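What follows is the content of input_12.cif, which has mmCIF, C-alpha atoms and all ligand atoms:
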```cif
data_model
loop_
_atom_site.label_atom_id
_atom_site.label_comp_id
_atom_site.auth_asym_id
_atom_site.auth_seq_id
_atom_site.Cartn_x
_atom_site.Cartn_y
_atom_site.Cartn_z
CA MET V 1190 -61.78 -14.84 22.46
CA MET V 1191 -59.12 -17.48 22.83
CA THR V 1192 -58.31 -17.19 19.18
CA PHE V 1193 -58.13 -13.42 19.45
CA ARG V 1194 -55.68 -13.60 22.38
CA PHE V 1195 -53.63 -16.19 20.65
CA SER V 1196 -53.35 -14.17 17.51
CA ARG V 1197 -52.34 -11.10 19.55
CA LEU V 1198 -49.63 -13.15 21.16
CA ALA V 1199 -48.52 -14.42 17.77
CA THR V 1200 -48.38 -10.88 16.47
CA ALA V 1201 -46.39 -9.78 19.49
CA LEU V 1202 -43.95 -12.67 19.02
CA ALA V 1203 -43.61 -11.96 15.34
CA GLY V 1204 -42.90 -8.33 16.24
CA THR V 1205 -40.17 -9.38 18.68
CA ALA V 1206 -38.61 -11.58 16.03
CA LEU V 1207 -38.62 -8.65 13.63
CA VAL V 1208 -36.89 -6.43 16.19
CA CYS V 1209 -34.28 -9.15 16.80
CA THR V 1210 -33.63 -9.47 13.11
CA ALA V 1211 -33.33 -5.73 12.82
CA LEU V 1212 -30.86 -5.66 15.73
CA SER V 1213 -28.67 -8.38 14.31
CA ALA V 1214 -28.86 -6.68 10.92
CA GLN V 1215 -27.43 -3.66 12.70
CA ALA V 1216 -24.20 -5.57 13.01
CA ARG V 1217 -22.00 -2.97 11.46
CA GLU V 1218 -20.42 -3.27 8.01
CA LEU V 1219 -17.46 -1.08 7.13
CA SER V 1220 -15.88 -0.65 3.71
CA VAL V 1221 -12.15 -1.24 3.21
CA SER V 1222 -10.46 0.19 0.12
CA THR V 1223 -7.38 -1.40 -1.45
CA VAL V 1224 -5.65 -0.91 -4.78
CA LEU V 1225 -4.66 -4.55 -5.30
CA SER V 1226 -6.96 -7.57 -4.92
CA ASP V 1227 -6.43 -10.64 -2.78
CA ALA V 1228 -4.42 -12.24 -5.56
CA PHE V 1229 -1.64 -10.03 -4.12
CA PRO V 1230 -0.24 -9.83 -0.56
CA TRP V 1231 -1.72 -6.32 -0.30
CA GLY V 1232 -5.30 -7.53 -0.84
CA GLN V 1233 -4.60 -10.52 1.39
CA ALA V 1234 -3.63 -8.11 4.18
CA ALA V 1235 -7.08 -6.52 3.98
CA GLU V 1236 -8.83 -9.90 3.84
CA LYS V 1237 -6.85 -11.09 6.88
CA TRP V 1238 -7.90 -7.93 8.72
CA ALA V 1239 -11.55 -8.64 7.83
CA GLU V 1240 -11.24 -12.26 8.91
CA LEU V 1241 -9.73 -11.37 12.31
CA VAL V 1242 -12.26 -8.61 12.97
CA GLU V 1243 -15.21 -10.84 12.05
CA ALA V 1244 -13.99 -13.66 14.31
CA ARG V 1245 -12.99 -11.50 17.27
CA SER V 1246 -16.22 -9.47 17.23
CA ASP V 1247 -18.40 -12.59 16.82
CA GLY V 1248 -19.72 -11.14 13.60
CA ARG V 1249 -20.70 -7.80 15.12
CA LEU V 1250 -18.26 -6.00 12.83
CA THR V 1251 -17.90 -6.93 9.18
CA LEU V 1252 -15.23 -5.44 6.93
CA ARG V 1253 -16.08 -5.59 3.25
CA VAL V 1254 -13.02 -5.21 1.03
CA TYR V 1255 -13.35 -3.22 -2.21
CA PRO V 1256 -10.22 -3.89 -4.30
CA ASN V 1257 -8.91 -2.21 -7.47
CA ALA V 1258 -9.44 1.27 -6.00
CA GLN V 1259 -13.06 0.86 -7.16
CA LEU V 1260 -14.40 3.23 -4.47
CA VAL V 1261 -12.44 6.02 -6.19
CA SER V 1262 -13.07 4.77 -9.74
CA GLY V 1263 -9.52 3.49 -10.04
CA ASP V 1264 -7.92 6.82 -9.15
CA GLN V 1265 -5.70 5.56 -6.36
CA THR V 1266 -4.22 8.97 -5.52
CA ARG V 1267 -7.70 10.08 -4.39
CA GLU V 1268 -8.07 7.24 -1.87
CA PHE V 1269 -6.80 9.25 1.09
CA SER V 1270 -9.14 12.19 0.38
CA ALA V 1271 -12.07 9.81 -0.04
CA MET V 1272 -11.33 8.21 3.32
CA ARG V 1273 -10.97 11.61 4.95
CA SER V 1274 -14.33 12.75 3.58
CA GLY V 1275 -16.11 9.54 4.62
CA LEU V 1276 -16.69 8.03 1.19
CA ILE V 1277 -14.45 5.20 2.39
CA ASP V 1278 -14.61 3.89 5.99
CA LEU V 1279 -11.27 2.08 6.15
CA ALA V 1280 -8.33 1.42 3.85
CA VAL V 1281 -5.12 -0.49 3.54
CA GLY V 1282 -3.23 1.99 1.41
CA SER V 1283 0.21 2.68 -0.01
CA THR V 1284 2.44 5.50 1.21
CA ILE V 1285 2.95 6.39 -2.47
CA ASN V 1286 -0.75 6.81 -3.18
CA TRP V 1287 -1.38 8.90 -0.06
CA SER V 1288 1.73 11.07 -0.40
CA PRO V 1289 0.02 13.77 -2.49
CA GLN V 1290 -2.13 14.57 0.61
CA VAL V 1291 0.42 13.68 3.31
CA PRO V 1292 3.84 14.97 2.16
CA GLU V 1293 5.63 13.24 5.06
CA LEU V 1294 4.84 9.89 3.42
CA ASN V 1295 7.39 10.79 0.74
CA LEU V 1296 9.98 9.82 3.34
CA PHE V 1297 9.73 6.23 2.10
CA SER V 1298 10.12 7.28 -1.54
CA LEU V 1299 13.39 9.18 -1.10
CA PRO V 1300 15.67 7.40 -3.56
CA PHE V 1301 18.03 4.85 -2.00
CA PHE V 1302 17.30 6.02 1.55
CA MET V 1303 16.27 2.75 3.25
CA PRO V 1304 18.59 -0.02 2.09
CA ASP V 1305 16.94 -3.14 3.49
CA ASN V 1306 14.11 -4.63 5.54
CA ALA V 1307 15.88 -3.89 8.82
CA ALA V 1308 16.06 -0.21 7.88
CA VAL V 1309 12.37 -0.13 6.96
CA ASP V 1310 11.42 -1.79 10.25
CA ALA V 1311 13.63 0.62 12.20
CA VAL V 1312 11.80 3.58 10.64
CA THR V 1313 8.22 2.27 10.81
CA GLY V 1314 8.81 1.04 14.36
CA GLY V 1315 10.78 4.08 15.47
CA ALA V 1316 10.39 7.77 16.23
CA ALA V 1317 10.13 8.65 12.52
CA GLY V 1318 7.29 6.15 12.09
CA GLU V 1319 5.42 7.77 14.97
CA ARG V 1320 5.85 11.16 13.38
CA VAL V 1321 4.56 9.84 10.06
CA PHE V 1322 1.49 8.46 11.84
CA ALA V 1323 1.02 11.85 13.54
CA ALA V 1324 1.12 13.48 10.09
CA ILE V 1325 -1.56 11.08 8.79
CA GLU V 1326 -3.68 11.90 11.83
CA ALA V 1327 -3.16 15.63 11.26
CA GLY V 1328 -4.26 15.00 7.66
CA GLY V 1329 -7.65 13.85 8.97
CA VAL V 1330 -7.35 10.04 9.00
CA VAL V 1331 -6.65 7.63 11.88
CA PRO V 1332 -3.59 5.41 11.21
CA LEU V 1333 -3.70 1.97 12.84
CA ALA V 1334 -0.88 -0.29 11.65
CA TRP V 1335 1.79 -0.94 9.02
CA GLY V 1336 1.82 -3.48 6.19
CA GLU V 1337 4.09 -3.76 3.16
CA ASN V 1338 3.88 -3.67 -0.61
CA GLY V 1339 7.66 -4.10 -0.75
CA PHE V 1340 10.89 -2.85 -2.27
CA ARG V 1341 10.18 -1.54 -5.74
CA GLN V 1342 12.22 -2.87 -8.66
CA LEU V 1343 12.57 -1.49 -12.17
CA SER V 1344 11.40 -3.36 -15.27
CA ASN V 1345 11.46 -2.44 -18.94
CA SER V 1346 11.03 -3.88 -22.43
CA GLN V 1347 14.12 -2.40 -24.07
CA GLY V 1348 17.24 -3.86 -22.48
CA PRO V 1349 19.26 -4.43 -19.31
CA ILE V 1350 19.60 -1.46 -16.98
CA ASP V 1351 22.69 -1.39 -14.78
CA GLU V 1352 23.68 2.26 -15.00
CA PRO V 1353 21.72 5.53 -15.11
CA SER V 1354 22.50 6.13 -18.79
CA ASP V 1355 20.56 2.95 -19.66
CA LEU V 1356 17.42 4.84 -18.65
CA GLU V 1357 18.05 7.65 -21.14
CA GLY V 1358 14.80 8.48 -22.94
CA LEU V 1359 12.87 5.47 -21.60
CA LYS V 1360 9.20 6.13 -20.92
CA ILE V 1361 8.56 4.93 -17.38
CA ARG V 1362 5.12 4.68 -15.78
CA VAL V 1363 5.04 6.16 -12.25
CA VAL V 1364 2.34 7.08 -9.74
CA GLY V 1365 2.09 9.24 -6.62
CA SER V 1366 3.68 12.57 -5.84
CA PRO V 1367 5.92 14.59 -8.20
CA LEU V 1368 8.91 13.07 -6.36
CA PHE V 1369 8.71 10.15 -8.79
CA GLN V 1370 8.73 12.49 -11.74
CA ASP V 1371 11.87 14.13 -10.35
CA THR V 1372 13.65 10.84 -9.60
CA PHE V 1373 13.17 9.45 -13.09
CA GLU V 1374 13.97 12.74 -14.75
CA ALA V 1375 17.21 12.90 -12.77
CA LEU V 1376 18.03 9.50 -14.27
CA GLY V 1377 17.41 10.79 -17.79
CA ALA V 1378 14.15 8.88 -18.26
CA ASN V 1379 10.81 10.19 -19.44
CA PRO V 1380 8.40 9.45 -16.55
CA THR V 1381 4.65 9.51 -17.01
CA GLN V 1382 2.01 9.54 -14.24
CA MET V 1383 -0.61 6.85 -14.54
CA SER V 1384 -2.91 4.81 -12.28
CA TRP V 1385 -2.36 1.09 -11.85
CA ALA V 1386 -5.55 0.48 -13.83
CA ASP V 1387 -4.00 2.20 -16.85
CA ALA V 1388 -0.50 0.78 -16.41
CA LYS V 1389 -0.90 -2.69 -17.86
CA PRO V 1390 -2.67 -1.52 -21.03
CA ALA V 1391 0.06 1.12 -21.49
CA LEU V 1392 2.75 -1.54 -21.14
CA THR V 1393 0.89 -3.82 -23.55
CA THR V 1394 0.64 -1.23 -26.30
CA GLY V 1395 4.17 0.02 -25.73
CA ALA V 1396 2.90 3.48 -24.77
CA VAL V 1397 5.44 3.14 -21.96
CA ASP V 1398 8.68 1.17 -21.92
CA GLY V 1399 8.89 0.40 -18.24
CA GLN V 1400 7.48 0.52 -14.73
CA GLU V 1401 8.52 -0.03 -11.14
CA ASN V 1402 6.78 -2.29 -8.63
CA PRO V 1403 7.64 -4.91 -6.00
CA LEU V 1404 8.42 -8.49 -7.09
CA SER V 1405 5.05 -9.71 -5.78
CA VAL V 1406 3.21 -7.30 -8.08
CA PHE V 1407 5.41 -8.15 -11.08
CA ASP V 1408 4.86 -11.85 -10.42
CA VAL V 1409 1.10 -11.93 -9.74
CA ALA V 1410 0.15 -9.38 -12.42
CA ARG V 1411 2.34 -11.30 -14.94
CA ILE V 1412 4.11 -8.17 -16.05
CA ASP V 1413 6.44 -10.44 -18.06
CA GLN V 1414 3.51 -11.14 -20.39
CA VAL V 1415 3.34 -7.51 -21.49
CA GLY V 1416 6.88 -7.41 -22.82
CA GLN V 1417 8.71 -6.50 -19.62
CA THR V 1418 11.63 -8.84 -20.09
CA HIS V 1419 14.29 -6.92 -18.13
CA LEU V 1420 14.19 -6.44 -14.39
CA THR V 1421 16.74 -4.54 -12.32
CA LEU V 1422 16.82 -5.32 -8.59
CA TRP V 1423 17.87 -1.94 -7.25
CA ASN V 1424 15.79 -1.61 -4.04
CA TYR V 1425 15.50 2.11 -4.71
CA MET V 1426 12.62 2.53 -2.27
CA ASN V 1427 10.23 0.58 -0.08
CA ASP V 1428 6.48 0.99 -0.23
CA PRO V 1429 4.92 0.33 3.17
CA LEU V 1430 1.16 -0.01 3.50
CA VAL V 1431 -0.89 1.71 6.19
CA PHE V 1432 -4.11 0.39 7.74
CA ALA V 1433 -6.30 3.39 8.56
CA ALA V 1434 -9.81 4.61 9.39
CA ASN V 1435 -12.03 7.59 8.67
CA GLN V 1436 -12.12 9.80 11.79
CA ARG V 1437 -15.89 9.91 12.20
CA VAL V 1438 -16.24 6.15 11.79
CA TRP V 1439 -13.44 5.67 14.30
CA GLY V 1440 -15.07 8.06 16.78
CA SER V 1441 -18.39 6.22 16.50
CA LEU V 1442 -16.87 2.93 17.71
CA SER V 1443 -16.73 1.92 21.37
CA ALA V 1444 -13.28 1.90 22.99
CA GLU V 1445 -13.52 -1.88 22.97
CA ASP V 1446 -14.20 -2.05 19.22
CA GLN V 1447 -11.46 0.49 18.51
CA ALA V 1448 -8.99 -1.73 20.36
CA LEU V 1449 -10.26 -4.80 18.52
CA LEU V 1450 -9.96 -3.14 15.11
CA ARG V 1451 -6.50 -1.73 15.82
CA GLN V 1452 -5.10 -5.00 17.19
CA ALA V 1453 -6.51 -6.94 14.24
CA ALA V 1454 -4.81 -4.45 11.89
CA VAL V 1455 -1.49 -4.85 13.71
CA ASP V 1456 -1.77 -8.65 13.55
CA ALA V 1457 -2.83 -8.70 9.89
CA GLY V 1458 0.01 -6.31 9.02
CA GLU V 1459 2.66 -8.38 10.79
CA TRP V 1460 1.35 -11.52 9.12
CA GLU V 1461 1.40 -9.89 5.67
CA ILE V 1462 4.85 -8.31 6.06
CA ALA V 1463 6.38 -11.66 7.05
CA MET V 1464 4.63 -13.45 4.17
CA THR V 1465 5.67 -10.84 1.59
CA ARG V 1466 9.30 -11.11 2.64
CA ASP V 1467 9.28 -14.91 2.87
CA GLU V 1468 7.94 -15.20 -0.66
CA GLU V 1469 10.46 -12.83 -2.30
CA SER V 1470 13.03 -15.44 -3.31
CA GLU V 1471 10.40 -17.82 -4.74
CA ARG V 1472 8.91 -14.95 -6.71
CA ARG V 1473 12.29 -13.98 -8.07
CA ALA V 1474 12.90 -17.58 -9.18
CA ALA V 1475 9.44 -17.79 -10.79
CA ILE V 1476 10.01 -14.55 -12.70
CA GLU V 1477 13.43 -15.70 -13.88
CA ALA V 1478 12.01 -19.07 -14.95
CA ARG V 1479 9.63 -17.21 -17.27
CA GLY V 1480 12.59 -15.80 -19.16
CA VAL V 1481 12.91 -12.37 -17.56
CA ALA V 1482 16.55 -11.25 -17.44
CA ILE V 1483 17.35 -10.09 -13.92
CA VAL V 1484 20.10 -7.58 -13.21
CA GLU V 1485 21.63 -7.19 -9.76
CA LEU V 1486 23.79 -4.13 -9.19
CA SER V 1487 27.36 -4.22 -7.96
CA GLU V 1488 28.28 -1.81 -5.20
CA ALA V 1489 29.80 0.61 -7.74
CA GLN V 1490 26.75 0.42 -10.03
CA HIS V 1491 24.46 1.04 -7.07
CA GLN V 1492 26.55 4.06 -6.10
CA ALA V 1493 26.15 5.56 -9.59
CA PHE V 1494 22.35 5.51 -9.15
CA VAL V 1495 22.65 7.03 -5.68
CA GLU V 1496 24.76 9.89 -7.06
CA ALA V 1497 22.48 10.49 -10.04
CA THR V 1498 19.49 10.95 -7.71
CA GLN V 1499 21.28 12.88 -4.94
CA SER V 1500 19.66 16.18 -5.95
CA VAL V 1501 16.18 14.63 -5.61
CA TYR V 1502 17.09 13.26 -2.21
CA ASP V 1503 18.30 16.69 -1.12
CA SER V 1504 15.41 18.78 -2.44
CA TRP V 1505 12.66 16.36 -1.35
CA GLY V 1506 14.34 15.84 2.01
CA GLU V 1507 13.87 19.57 2.57
CA GLN V 1508 10.24 19.49 1.44
CA ILE V 1509 9.44 16.58 3.74
CA GLY V 1510 11.24 18.28 6.60
CA GLY V 1511 14.87 17.90 7.55
CA SER V 1512 14.06 16.88 11.09
CA LEU V 1513 11.84 13.96 10.00
CA VAL V 1514 14.54 12.74 7.62
CA GLN V 1515 17.07 13.04 10.45
CA ALA V 1516 14.75 11.11 12.79
CA ALA V 1517 14.57 8.31 10.21
CA ARG V 1518 18.37 8.33 9.91
CA ASP V 1519 18.66 8.09 13.69
CA ASP V 1520 16.15 5.20 13.77
CA MET V 1521 18.20 3.33 11.17
CA ALA V 1522 21.51 4.06 12.93
CA ALA V 1523 20.17 2.90 16.30
CA ASP V 1524 19.06 -0.41 14.83
O1 LIG T 1 0.18 1.51 -8.74
C1 LIG T 1 1.12 0.85 -8.28
O2 LIG T 1 2.22 0.80 -8.82
C2 LIG T 1 0.92 0.12 -6.99
C3 LIG T 1 -0.11 -0.96 -7.21
O3 LIG T 1 2.11 -0.46 -6.56
C4 LIG T 1 0.46 1.12 -5.99
O4 LIG T 1 -0.70 1.25 -5.71
C5 LIG T 1 1.46 2.04 -5.40
#
```
Rewrite the structure of this file - the entire thing - as structure tokens.
Amino acid sequence: MMTFRFSRLATALAGTALVCTALSAQARELSVSTVLSDAFPWGQAAEKWAELVEARSDGRLTLRVYPNAQLVSGDQTREFSAMRSGLIDLAVGSTINWSPQVPELNLFSLPFFMPDNAAVDAVTGGAAGERVFAAIEAGGVVPLAWGENGFRQLSNSQGPIDEPSDLEGLKIRVVGSPLFQDTFEALGANPTQMSWADAKPALTTGAVDGQENPLSVFDVARIDQVGQTHLTLWNYMNDPLVFAANQRVWGSLSAEDQALLRQAAVDAGEWEIAMTRDEESERRAAIEARGVAIVELSEAQHQAFVEATQSVYDSWGEQIGGSLVQAARDDMAAD
């Protein structure tokens, strides 16, 4: 009898332990998509977000980062749609990659529109930034915070580029909306759309002559090793990152967890933006030390690029919406 009771108790206890395990296993795991891994500031932004969320939720929420756009088989321009449909829970994504679905994100890709970090901050932190977030929300995804891939610079294997005619006939790898096609065509180049996964092989074989990416990407991905020996620092556009969530996932979280996730995204973004900017001069020096010839544009040379792309600025400004472009101008002027 005693034995029987004891074994019933043991069974009951074992059952309780099982329930506890099941409950703690219910600690929620959410996927985070990124294009670049944590070898790059972009991937580090996502890892920082995960780290902060894990610590602040005492392990209740776990963010698992999936780099290299693997959740969309490398097709980075499908990331936004995949997050909207629920294939991806969360993402730290580029305005370029999401611009095919959210045309307002092309604001950041207008050639030579935002000249420096202060201008970018004025826009992301201003009325235009709020409107861009509203557009993302209207597109079916919840935007949470800003990060930064950086100002994009032009590299190529053929020779120094300091005026538009130097681009004549060069095959340049681009990604994102057709705005990039138009910009490089206006400069006389021969742009070709390609994912990041395909870019390095295409540079290696010489299928393309050039590409454009921030210094951090050029540096970490060792783009110099695939024949890209000329780099023009022209700051033609900045590529902010956006931390965001699938709507249904967001709606399923308590108000407390929503606040936790959003604040952790804001903190991770601020941390990553500061780091990316701090590291720029070291990266430039490292790239130069590897034998890459760096071109900086004089004011007059810069102006020639601005004029050559004016028609793209005008026509895409209209497509994005004149009032959003004006709001961004006002944000920059008020700064
Ligand atoms: O594909 C690129 O060039 C990259 C990595 O910068 C983006 O995802 C926009």
Go through chain V and flag each residue having an atom no more than 9 Å from ligand LIG 1 (chain T); for those, report the closest pair of atoms plus their distance in Å to one decimal, using only C-alpha atoms and all ligand atoms, ordered by chain and rising number, as a Markdown table.
```
| residue | atom | partner | partner_atom | distance |
| --- | --- | --- | --- | --- |
| V:Thr1223 | CA | T:LIG1 | O4 | 8.4 |
| V:Val1224 | CA | T:LIG1 | O4 | 5.5 |
| V:Leu1225 | CA | T:LIG1 | C3 | 6.1 |
| V:Trp1231 | CA | T:LIG1 | C3 | 8.9 |
| V:Asn1257 | CA | T:LIG1 | C3 | 8.9 |
| V:Ala1258 | CA | T:LIG1 | O4 | 8.7 |
| V:Gln1265 | CA | T:LIG1 | O4 | 6.6 |
| V:Thr1266 | CA | T:LIG1 | O4 | 8.5 |
| V:Gly1282 | CA | T:LIG1 | O4 | 7.6 |
| V:Ser1283 | CA | T:LIG1 | C5 | 5.6 |
| V:Thr1284 | CA | T:LIG1 | C5 | 7.5 |
| V:Ile1285 | CA | T:LIG1 | C5 | 5.5 |
| V:Asn1286 | CA | T:LIG1 | C5 | 5.7 |
| V:Asn1338 | CA | T:LIG1 | O3 | 7.0 |
| V:Gly1339 | CA | T:LIG1 | O3 | 8.8 |
| V:Arg1341 | CA | T:LIG1 | O3 | 8.2 |
| V:Arg1362 | CA | T:LIG1 | O2 | 8.5 |
| V:Val1363 | CA | T:LIG1 | O2 | 7.0 |
| V:Val1364 | CA | T:LIG1 | O1 | 6.1 |
| V:Gly1365 | CA | T:LIG1 | C5 | 7.3 |
| V:Met1383 | CA | T:LIG1 | O1 | 7.9 |
| V:Ser1384 | CA | T:LIG1 | O1 | 5.7 |
| V:Trp1385 | CA | T:LIG1 | O1 | 4.0 |
| V:Ala1386 | CA | T:LIG1 | O1 | 7.7 |
| V:Ala1388 | CA | T:LIG1 | O1 | 7.7 |
| V:Gln1400 | CA | T:LIG1 | O2 | 7.9 |
| V:Glu1401 | CA | T:LIG1 | O2 | 6.8 |
| V:Asn1402 | CA | T:LIG1 | O3 | 5.4 |
| V:Pro1403 | CA | T:LIG1 | O3 | 7.1 |
| V:Val1406 | CA | T:LIG1 | O3 | 7.1 |
| V:Asp1428 | CA | T:LIG1 | C5 | 7.3 |
```
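Distances here use all atoms listed in the file; by that measure, the residue among V:Phe1269, V:Ala1216, V:Ser1226, V:Ala1311 closest to Ala1517 of chain V is V:Ala1311.
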Counting all atoms listed in the file, the residue among V:Leu1219, V:Leu1486, V:Ala1454, V:Ile1509 that lies closest to Leu1422 of chain V is V:Leu1486
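Distances here use all atoms listed in the file; by that measure, the residue among V:Pro1230, V:Pro1390, V:Gly1377, V:Pro1289 closest to Ser1270 of chain V is V:Pro1289.
Atom CA of Ala1482 of chain V is positioned 22.3 Å from atom CA of Asn1379 of chain V.
Between Ala1493 of chain V and the candidates V:Asp1456, V:Glu1374, V:Glu1352, V:Glu1507, the tightest atom-to-atom separation, counting all atoms listed in the file, involves V:Glu1352.
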Atom CA of Leu1376 of chain V sits from atom CA of Phe1494 of chain V at a separation of 7.8 Å
Shell around Ile1483 of chain V at 9 Å using only C-alpha atoms, local window under 5 positions removed, as a ChimeraX atom specification:
/V:1349,1418-1422,1473,1476-1477
| Contacts of Glu1459 of chain V at 9 Å or less, counting only C-alpha atoms, minus same-chain residues fewer than 4 places along, as a VMD selection string? | chain V and resid 1334 to 1336 1454 to 1455 1463 to 1464
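Counting all atoms listed in the file and comparing V:Ser1220, V:Gln1259, V:Ser1354, V:Thr1313, the residue that lies closest to Asn1427 of chain V is V:Thr1313.
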Computed gap from atom CA of Thr1393 of chain V to atom CA of Val1415 of chain V is 4.9 Å
Exercise for the section: Fewer than 4 positions away in the same chain doesn't count, so skip those; otherwise give me all residues within 9 Å of Val1261 of chain V, counting all atoms listed in the file, as number ranges by chain. Expected result: V: 1222, 1265-1268, 1271, 1276-1277
Okay, now the selection with C-alpha atoms, as a PDB file, in the frame of the given file?
```
ATOM      1  CA  SER V1222     -10.460   0.190   0.120  1.00  0.00           C
ATOM      2  CA  GLN V1265      -5.700   5.560  -6.360  1.00  0.00           C
ATOM      3  CA  THR V1266      -4.220   8.970  -5.520  1.00  0.00           C
ATOM      4  CA  ARG V1267      -7.700  10.080  -4.390  1.00  0.00           C
ATOM      5  CA  GLU V1268      -8.070   7.240  -1.870  1.00  0.00           C
ATOM      6  CA  ALA V1271     -12.070   9.810  -0.040  1.00  0.00           C
ATOM      7  CA  LEU V1276     -16.690   8.030   1.190  1.00  0.00           C
ATOM      8  CA  ILE V1277     -14.450   5.200   2.390  1.00  0.00           C
TER       9      ILE V1277
END
```
One residue among V:Ala1433, V:Leu1260, V:Leu1279, V:Leu1343 is nearest to Ile1412 of chain V when using only C-alpha atoms, and that residue is V:Leu1343
Inset, instruction - Skip Ala1234 of chain V itself and residues of its chain fewer than 2 positions away, then list as a PyMOL selection string all residues within 6 Å of it, counting all atoms listed in the file. - result: chain V and resi 1231-1232+1236-1237+1457+1461
File dump, residues just selected, C-alpha atoms, as a PDB file, in the frame of the given file:
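Printed below is out04.pdb as written:
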```pdb
ATOM      1  CA  TRP V1231      -1.720  -6.320  -0.300  1.00  0.00           C
ATOM      2  CA  GLY V1232      -5.300  -7.530  -0.840  1.00  0.00           C
ATOM      3  CA  GLU V1236      -8.830  -9.900   3.840  1.00  0.00           C
ATOM      4  CA  LYS V1237      -6.850 -11.090   6.880  1.00  0.00           C
ATOM      5  CA  ALA V1457      -2.830  -8.700   9.890  1.00  0.00           C
ATOM      6  CA  GLU V1461       1.400  -9.890   5.670  1.00  0.00           C
TER       7      GLU V1461
END
```
Hey, can I get the axis-aligned box for segment 1366-1371 of chain V? All listed atoms, 3 Å padding on each side, centre and edge lengths in Å to one decimal, as AutoDock Vina command-line options.
```
--center_x 7.8 --center_y 12.4 --center_z -8.8 --size_x 14.2 --size_y 10.4 --size_z 11.9
```
Do a neighbour search on His1491 of chain V at 12 Å with only C-alpha atoms, toss out local chain neighbours closer than 2 positions, and write the hits as a PyMOL selection string.
chain V and resi 1300-1301+1304+1350-1353+1421-1425+1484-1489+1493-1498
Atoms added to segment 1438-1442 of chain V (all heavy atoms), reported as a PDB file, in the frame of the given file:
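Saved to result35.pdb:
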```pdb
ATOM      1  N   VAL V1438     -15.958   7.572  11.577  1.00  0.00           N
ATOM      2  CA  VAL V1438     -16.240   6.150  11.790  1.00  0.00           C
ATOM      3  C   VAL V1438     -15.510   5.684  13.047  1.00  0.00           C
ATOM      4  O   VAL V1438     -16.082   5.024  13.909  1.00  0.00           O
ATOM      5  CB  VAL V1438     -15.784   5.315  10.563  1.00  0.00           C
ATOM      6  CG1 VAL V1438     -15.771   3.832  10.885  1.00  0.00           C
ATOM      7  CG2 VAL V1438     -16.675   5.608   9.368  1.00  0.00           C
ATOM      8  N   TRP V1439     -14.250   6.073  13.148  1.00  0.00           N
ATOM      9  CA  TRP V1439     -13.440   5.670  14.300  1.00  0.00           C
ATOM     10  C   TRP V1439     -14.075   6.190  15.611  1.00  0.00           C
ATOM     11  O   TRP V1439     -14.221   5.444  16.565  1.00  0.00           O
ATOM     12  CB  TRP V1439     -12.022   6.227  14.138  1.00  0.00           C
ATOM     13  CG  TRP V1439     -11.081   5.731  15.189  1.00  0.00           C
ATOM     14  CD1 TRP V1439     -10.539   6.459  16.215  1.00  0.00           C
ATOM     15  CD2 TRP V1439     -10.557   4.402  15.324  1.00  0.00           C
ATOM     16  NE1 TRP V1439      -9.731   5.664  16.974  1.00  0.00           N
ATOM     17  CE2 TRP V1439      -9.717   4.388  16.453  1.00  0.00           C
ATOM     18  CE3 TRP V1439     -10.728   3.210  14.606  1.00  0.00           C
ATOM     19  CZ2 TRP V1439      -9.046   3.251  16.884  1.00  0.00           C
ATOM     20  CZ3 TRP V1439     -10.055   2.066  15.026  1.00  0.00           C
ATOM     21  CH2 TRP V1439      -9.233   2.097  16.144  1.00  0.00           C
ATOM     22  N   GLY V1440     -14.484   7.443  15.587  1.00  0.00           N
ATOM     23  CA  GLY V1440     -15.070   8.060  16.780  1.00  0.00           C
ATOM     24  C   GLY V1440     -16.405   7.433  17.168  1.00  0.00           C
ATOM     25  O   GLY V1440     -16.825   7.514  18.319  1.00  0.00           O
ATOM     26  N   SER V1441     -17.074   6.806  16.208  1.00  0.00           N
ATOM     27  CA  SER V1441     -18.390   6.220  16.500  1.00  0.00           C
ATOM     28  C   SER V1441     -18.266   4.828  17.118  1.00  0.00           C
ATOM     29  O   SER V1441     -19.263   4.250  17.541  1.00  0.00           O
ATOM     30  CB  SER V1441     -19.215   6.131  15.205  1.00  0.00           C
ATOM     31  OG  SER V1441     -18.683   5.115  14.366  1.00  0.00           O
ATOM     32  N   LEU V1442     -17.056   4.283  17.160  1.00  0.00           N
ATOM     33  CA  LEU V1442     -16.870   2.930  17.710  1.00  0.00           C
ATOM     34  C   LEU V1442     -16.609   3.005  19.212  1.00  0.00           C
ATOM     35  O   LEU V1442     -16.012   3.978  19.701  1.00  0.00           O
ATOM     36  CB  LEU V1442     -15.678   2.252  17.030  1.00  0.00           C
ATOM     37  CG  LEU V1442     -15.801   1.971  15.537  1.00  0.00           C
ATOM     38  CD1 LEU V1442     -14.447   1.549  14.965  1.00  0.00           C
ATOM     39  CD2 LEU V1442     -16.849   0.898  15.257  1.00  0.00           C
TER      40      LEU V1442
END
```
